[in-house]
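Reviewing the structure listed below.
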Amino acid sequence: MSDEIEWWDYDDAAEMAAAVAGDIGFVIESAIDARGGCVIALSGGKTPLPIYEKLAATKLDWKRVTIIPTDERIVPLGDPLSNITAIGKAFLPKGARVIPIVSEAAKDYRAAGKAADARLGDLHWPLDLCLLGVGADGHTASIFPGPDFDEAINGPRERRALGVMPDPLPPEAPVARVTLSRAAIVSAKALMIAVTGDAKRKVIEAAIKQGPSSSYPIGRVLADAELPVDIHWSPA
Ligand SMILES: O=C1O[C@H](COP(=O)(O)O)[C@@H](O)[C@H](O)[C@H]1O
């Protein structure tokens with residue numbers, strides 16, 4: 001478990017968006033200065049959208065930035081549930097390289113996970129940054145309870161992505177997923193979480209208290225993190 005998990009509290013989502021976008025922008029600039037490029041993973045769902053709007057408005061050398069989603073719902077590109085579609089809307093116009101991790105050709109969710117893992121092998125690892133979200137049920141990226149949970153948490157460290165069938169399926173997006181593995185997430189050089197609302201805060205606090213045997217996926221990820229983790233929170 002990282003010795004340093006720091007909470008950053010904001011008055012509202014707009015204030016949080018400005019602060020998190022500033023932090024991500026700093027990581028991107030530093031990576032470009034250091035090695036001429038940057039690879040980041042951004043969470044899906046609705047919470048981070050104001051952050052992406054702010055970040056996309058930041059003057060950066062976007063052509064040197066590669067963005068992957070932390071996880072993807074297995075739906076066609078353009079579907080309202082597609083994480084990469086929302087991320088692409090924000091960053092493709094800036095010239096960033098936005099890489100989907102799910103191809104419509106995948107036969108089943110496990111094959112989709114294997115294809116994503118192979119595709120991710122072409123990128124520069126470890127990630128310069130991973131921004132995670134957390135669901136009200138304590139899932140993070142698409143690490144959910146179910147038949148693939150153990151592999152997502154304890155699979156071989158070189159496995160960066162895998163297919164996941166959440167059980168139970170989350171009502172807000174009841175579909176199979178592809179997710180970064182815990183190993184890929186915690187190897188990132190910078191790890192941040194952005195969440196809103198009291199319920200998610202309580203879940204994360206409980207998960208941290210439970211430690212390495214946490215019943216929540218976010219607890220299992222945080223328990224394996226070695227670098228400091230910033231948790232950004234606003235009430236709504
Ligand atoms: O399904 C997902 O949910 C989480 C949380 O999403 P939010 O809309 O409650 O912010 C998200 O982090 C993940 O990437 C997504 O696929």
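Each chain of the structure tokens is named A, B, ... in the order shown, its residues numbered from 1; ligands are numbered from 1 in display order.
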
### Message
If we count only C-alpha atoms and set the cut-off at 9 Å, which residues sit around range 15-25 of chain A, ignoring sequence neighbours fewer than 5 positions away in its own chain? Please answer as a ChimeraX atom specification.
### Response
/A:8-10,30,48-56,58-60,129,131,192,194,232-234

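With the cut-off set to 8 Å and only C-alpha atoms and all ligand atoms counted, the residues surrounding ligand 1 are Leu42, Ser43, Gly44, Gly45, Lys46, Thr47, Pro48, Pro69, Thr70, Asp71, Glu72, Arg73, Asn83, Leu132, Gly133, Val134, Gly135, Ala136, His139, Thr140, Ala141, Ser142, Pro170, Glu172, Ala173, Arg177, Val195 and Thr196 of chain A.
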
Go ahead and save the picked residues with C-alpha atoms, as a tab-separated table (two decimals), in the first residue's frame.
chain	number	residue	atom	x	y	z
A	42	LEU	CA	-7.96	8.17	-18.77
A	43	SER	CA	-11.02	6.85	-17.00
A	44	GLY	CA	-14.38	6.52	-18.66
A	45	GLY	CA	-17.85	7.25	-17.33
A	46	LYS	CA	-19.34	10.68	-16.70
A	47	THR	CA	-17.38	12.11	-13.77
A	48	PRO	CA	-14.18	13.04	-15.66
A	69	PRO	CA	-8.96	4.48	-21.82
A	70	THR	CA	-8.45	2.76	-18.45
A	71	ASP	CA	-11.23	0.44	-19.56
A	72	GLU	CA	-13.85	0.07	-22.22
A	73	ARG	CA	-17.42	-1.15	-22.39
A	83	ASN	CA	-15.57	5.44	-23.12
A	132	LEU	CA	-8.97	6.32	-12.35
A	133	GLY	CA	-12.64	6.74	-11.62
A	134	VAL	CA	-14.56	4.74	-9.02
A	135	GLY	CA	-18.12	3.43	-9.26
A	136	ALA	CA	-20.57	3.62	-6.37
A	139	HIS	CA	-15.22	-0.86	-9.03
A	140	THR	CA	-12.38	0.98	-10.70
A	141	ALA	CA	-11.45	0.92	-14.39
A	142	SER	CA	-13.57	-2.18	-15.23
A	170	PRO	CA	-23.75	-2.67	-13.36
A	172	GLU	CA	-25.72	2.07	-15.67
A	173	ALA	CA	-23.77	0.11	-18.34
A	177	ARG	CA	-15.75	-4.88	-20.59
A	195	VAL	CA	-14.64	11.16	-7.88
A	196	THR	CA	-17.68	13.11	-6.79

Write out as a short mmCIF file (atom, residue, chain, number, x, y, z; two decimals) with N, CA and C atoms, in the first residue's frame each polymer residue whose atoms come within 10 Å of Pro100 in chain A, counting only C-alpha atoms; drop sequence neighbours fewer than 2 positions from it.
data_model
loop_
_atom_site.label_atom_id
_atom_site.label_comp_id
_atom_site.auth_asym_id
_atom_site.auth_seq_id
_atom_site.Cartn_x
_atom_site.Cartn_y
_atom_site.Cartn_z
N ILE A 67 -3.29 8.64 -25.82
CA ILE A 67 -4.29 8.44 -24.76
C ILE A 67 -5.00 7.11 -24.99
N ILE A 68 -5.06 6.32 -23.93
CA ILE A 68 -5.88 5.09 -23.97
C ILE A 68 -6.92 5.21 -22.85
N PRO A 69 -8.02 4.49 -22.95
CA PRO A 69 -8.96 4.48 -21.82
C PRO A 69 -8.47 3.48 -20.77
N ASP A 71 -10.37 1.60 -19.35
CA ASP A 71 -11.23 0.44 -19.56
C ASP A 71 -12.25 0.81 -20.63
N GLU A 72 -12.85 -0.20 -21.19
CA GLU A 72 -13.85 0.07 -22.22
C GLU A 72 -15.05 -0.87 -22.06
N LEU A 77 -18.06 1.74 -31.47
CA LEU A 77 -17.59 3.13 -31.41
C LEU A 77 -18.78 4.05 -31.70
N SER A 82 -19.72 4.16 -24.94
CA SER A 82 -18.30 3.95 -25.30
C SER A 82 -17.40 4.99 -24.63
N ASN A 83 -16.49 4.51 -23.80
CA ASN A 83 -15.57 5.44 -23.12
C ASN A 83 -14.66 6.16 -24.10
N ILE A 84 -14.13 5.42 -25.08
CA ILE A 84 -13.16 6.05 -25.99
C ILE A 84 -13.86 7.08 -26.89
N THR A 85 -15.14 6.91 -27.12
CA THR A 85 -15.84 7.89 -27.95
C THR A 85 -15.86 9.24 -27.22
N ILE A 87 -13.79 10.22 -24.83
CA ILE A 87 -12.41 10.72 -24.71
C ILE A 87 -11.96 11.29 -26.06
N GLY A 88 -12.29 10.58 -27.14
CA GLY A 88 -11.90 11.04 -28.48
C GLY A 88 -12.53 12.38 -28.82
N ARG A 97 -3.14 11.35 -30.05
CA ARG A 97 -3.35 9.99 -30.59
C ARG A 97 -4.23 9.27 -29.58
N VAL A 98 -5.46 9.02 -29.97
CA VAL A 98 -6.43 8.40 -29.05
C VAL A 98 -6.66 6.96 -29.51
N VAL A 102 -10.91 -1.63 -27.76
CA VAL A 102 -11.86 -2.68 -28.14
C VAL A 102 -12.13 -2.56 -29.63
N SER A 103 -12.00 -3.69 -30.31
CA SER A 103 -12.33 -3.66 -31.73
C SER A 103 -13.65 -4.39 -31.92
N ALA A 116 -6.74 -6.56 -26.94
CA ALA A 116 -6.35 -5.28 -26.35
C ALA A 116 -4.95 -5.39 -25.74
N ARG A 119 -2.44 -5.23 -28.44
CA ARG A 119 -2.35 -3.89 -29.01
C ARG A 119 -1.59 -2.94 -28.08
N LEU A 120 -1.82 -3.08 -26.78
CA LEU A 120 -1.17 -2.18 -25.82
C LEU A 120 0.34 -2.41 -25.75
#

### Task
Find the residues around Trp125 in chain A up to 10 Å (only C-alpha atoms counted), leave out those fewer than 3 positions away in its own chain, and share them as a ChimeraX atom specification.
/A:38-40,120-122,128,160,184,187-189

### Query
Which residue gives the smallest distance to Tyr109 in chain A among A:Gly95, A:Pro166, A:Pro212, A:Pro145, with only C-alpha atoms counted?
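When distances to Tyr109 in chain A are compared using only C-alpha atoms, the smallest one comes from A:Pro166.
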
### Query
DSSP says strand (DSSP E or B) for which residues of range 48-203 of chain A? Put them as a PyMOL selection string?
chain A and resi 65-69+71-73+97-98+129-132+134+140+143+161-164+177-180+191-196

Residues as selected, N, CA and C atoms, written as a CSV table (one decimal), in the first residue's frame, can you do that?
chain,number,residue,atom,x,y,z
A,65,VAL,N,1.1,13.3,-27.6
A,65,VAL,CA,0.4,12.6,-26.5
A,65,VAL,C,-0.5,11.5,-27.0
A,66,THR,N,-0.3,10.3,-26.3
A,66,THR,CA,-1.1,9.1,-26.7
A,66,THR,C,-2.0,8.9,-25.5
A,67,ILE,N,-3.3,8.6,-25.8
A,67,ILE,CA,-4.3,8.4,-24.8
A,67,ILE,C,-5.0,7.1,-25.0
A,68,ILE,N,-5.1,6.3,-23.9
A,68,ILE,CA,-5.9,5.1,-24.0
A,68,ILE,C,-6.9,5.2,-22.9
A,69,PRO,N,-8.0,4.5,-23.0
A,69,PRO,CA,-9.0,4.5,-21.8
A,69,PRO,C,-8.5,3.5,-20.8
A,71,ASP,N,-10.4,1.6,-19.3
A,71,ASP,CA,-11.2,0.4,-19.6
A,71,ASP,C,-12.3,0.8,-20.6
A,72,GLU,N,-12.8,-0.2,-21.2
A,72,GLU,CA,-13.9,0.1,-22.2
A,72,GLU,C,-15.0,-0.9,-22.1
A,73,ARG,N,-16.2,-0.3,-22.3
A,73,ARG,CA,-17.4,-1.2,-22.4
A,73,ARG,C,-17.4,-1.7,-23.8
A,97,ARG,N,-3.1,11.3,-30.0
A,97,ARG,CA,-3.3,10.0,-30.6
A,97,ARG,C,-4.2,9.3,-29.6
A,98,VAL,N,-5.5,9.0,-30.0
A,98,VAL,CA,-6.4,8.4,-29.0
A,98,VAL,C,-6.7,7.0,-29.5
A,129,LEU,N,0.9,8.3,-16.7
A,129,LEU,CA,-0.2,8.7,-15.8
A,129,LEU,C,-1.4,7.8,-16.0
A,130,CYS,N,-2.0,7.4,-14.9
A,130,CYS,CA,-3.3,6.7,-15.0
A,130,CYS,C,-4.3,7.5,-14.1
A,131,LEU,N,-5.4,8.0,-14.7
A,131,LEU,CA,-6.5,8.6,-14.0
A,131,LEU,C,-7.6,7.6,-13.8
A,132,LEU,N,-7.9,7.3,-12.6
A,132,LEU,CA,-9.0,6.3,-12.3
A,132,LEU,C,-10.3,7.0,-11.9
A,134,VAL,N,-14.1,5.8,-9.9
A,134,VAL,CA,-14.6,4.7,-9.0
A,134,VAL,C,-16.1,4.7,-9.1
A,140,THR,N,-13.2,-0.1,-10.1
A,140,THR,CA,-12.4,1.0,-10.7
A,140,THR,C,-11.9,0.4,-12.0
A,143,ILE,N,-12.6,-3.2,-13.3
A,143,ILE,CA,-12.3,-4.4,-12.4
A,143,ILE,C,-13.5,-4.5,-11.5
A,161,ALA,N,-4.0,-6.0,-20.1
A,161,ALA,CA,-5.5,-5.8,-20.3
A,161,ALA,C,-6.1,-7.2,-20.4
A,162,LEU,N,-7.4,-7.2,-20.0
A,162,LEU,CA,-8.1,-8.5,-20.1
A,162,LEU,C,-9.6,-8.2,-20.2
A,163,GLY,N,-10.3,-9.2,-20.7
A,163,GLY,CA,-11.8,-9.1,-20.8
A,163,GLY,C,-12.4,-9.4,-19.5
A,164,VAL,N,-13.5,-8.7,-19.2
A,164,VAL,CA,-14.2,-8.9,-17.9
A,164,VAL,C,-15.7,-8.9,-18.1
A,177,ARG,N,-16.8,-6.0,-20.5
A,177,ARG,CA,-15.7,-4.9,-20.6
A,177,ARG,C,-14.4,-5.4,-21.0
A,178,VAL,N,-13.5,-4.5,-21.3
A,178,VAL,CA,-12.1,-4.7,-21.3
A,178,VAL,C,-11.4,-3.7,-20.4
A,179,THR,N,-10.5,-4.2,-19.5
A,179,THR,CA,-10.0,-3.3,-18.5
A,179,THR,C,-8.4,-3.4,-18.5
A,180,LEU,N,-7.8,-2.4,-18.1
A,180,LEU,CA,-6.4,-2.5,-17.7
A,180,LEU,C,-6.4,-3.4,-16.4
A,191,LEU,N,-0.4,8.2,-10.4
A,191,LEU,CA,-1.8,7.6,-10.2
A,191,LEU,C,-2.7,8.6,-9.5
A,192,MET,N,-3.8,8.9,-10.2
A,192,MET,CA,-4.8,9.9,-9.6
A,192,MET,C,-6.2,9.2,-9.7
A,193,ILE,N,-7.0,9.7,-8.8
A,193,ILE,CA,-8.4,9.3,-8.8
A,193,ILE,C,-9.2,10.6,-8.8
A,194,ALA,N,-10.3,10.6,-9.5
A,194,ALA,CA,-11.2,11.7,-9.5
A,194,ALA,C,-12.6,11.2,-9.3
A,195,VAL,N,-13.3,11.6,-8.2
A,195,VAL,CA,-14.6,11.2,-7.9
A,195,VAL,C,-15.5,12.3,-7.3
A,196,THR,N,-16.8,12.1,-7.4
A,196,THR,CA,-17.7,13.1,-6.8
A,196,THR,C,-18.7,12.4,-5.9

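Between CA of Pro93 in chain A and CA of Gly36 in chain A the separation is 20.5 Å.
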
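Within the 9 Å cut-off around Gly155 in chain A, using only C-alpha atoms and omitting residues fewer than 3 positions from it on the same chain, the listed residues are Asp150, Glu151, Ala152, Glu158, Arg159, Ser181, Arg182 and Ala183 of chain A.
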
### DSSP helix (DSSP H, G or I) residues within range 89-157 of chain A, as a list in words
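So, restricting range 89-157 of chain A to helix (DSSP H, G or I), we get Lys89, Ala90, Phe91, Leu92, Pro93, Lys94, Tyr109, Arg110, Ala111, Ala112, Gly113, Lys114, Ala115, Ala116, Asp117, Ala118, Arg119, Leu120, Phe149, Asp150, Glu151, Ala152, Ile153 and Asn154 of chain A.
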
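If you look at CA of Val221 in chain A and CA of Pro174 in chain A, they are 22.5 Å away from each other.
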
### Query
CA of Ile74 in chain A to CA of Lys114 in chain A: how many Å, to one decimal?
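Computed distance, CA of Ile74 in chain A to CA of Lys114 in chain A, equals 13.3 Å.
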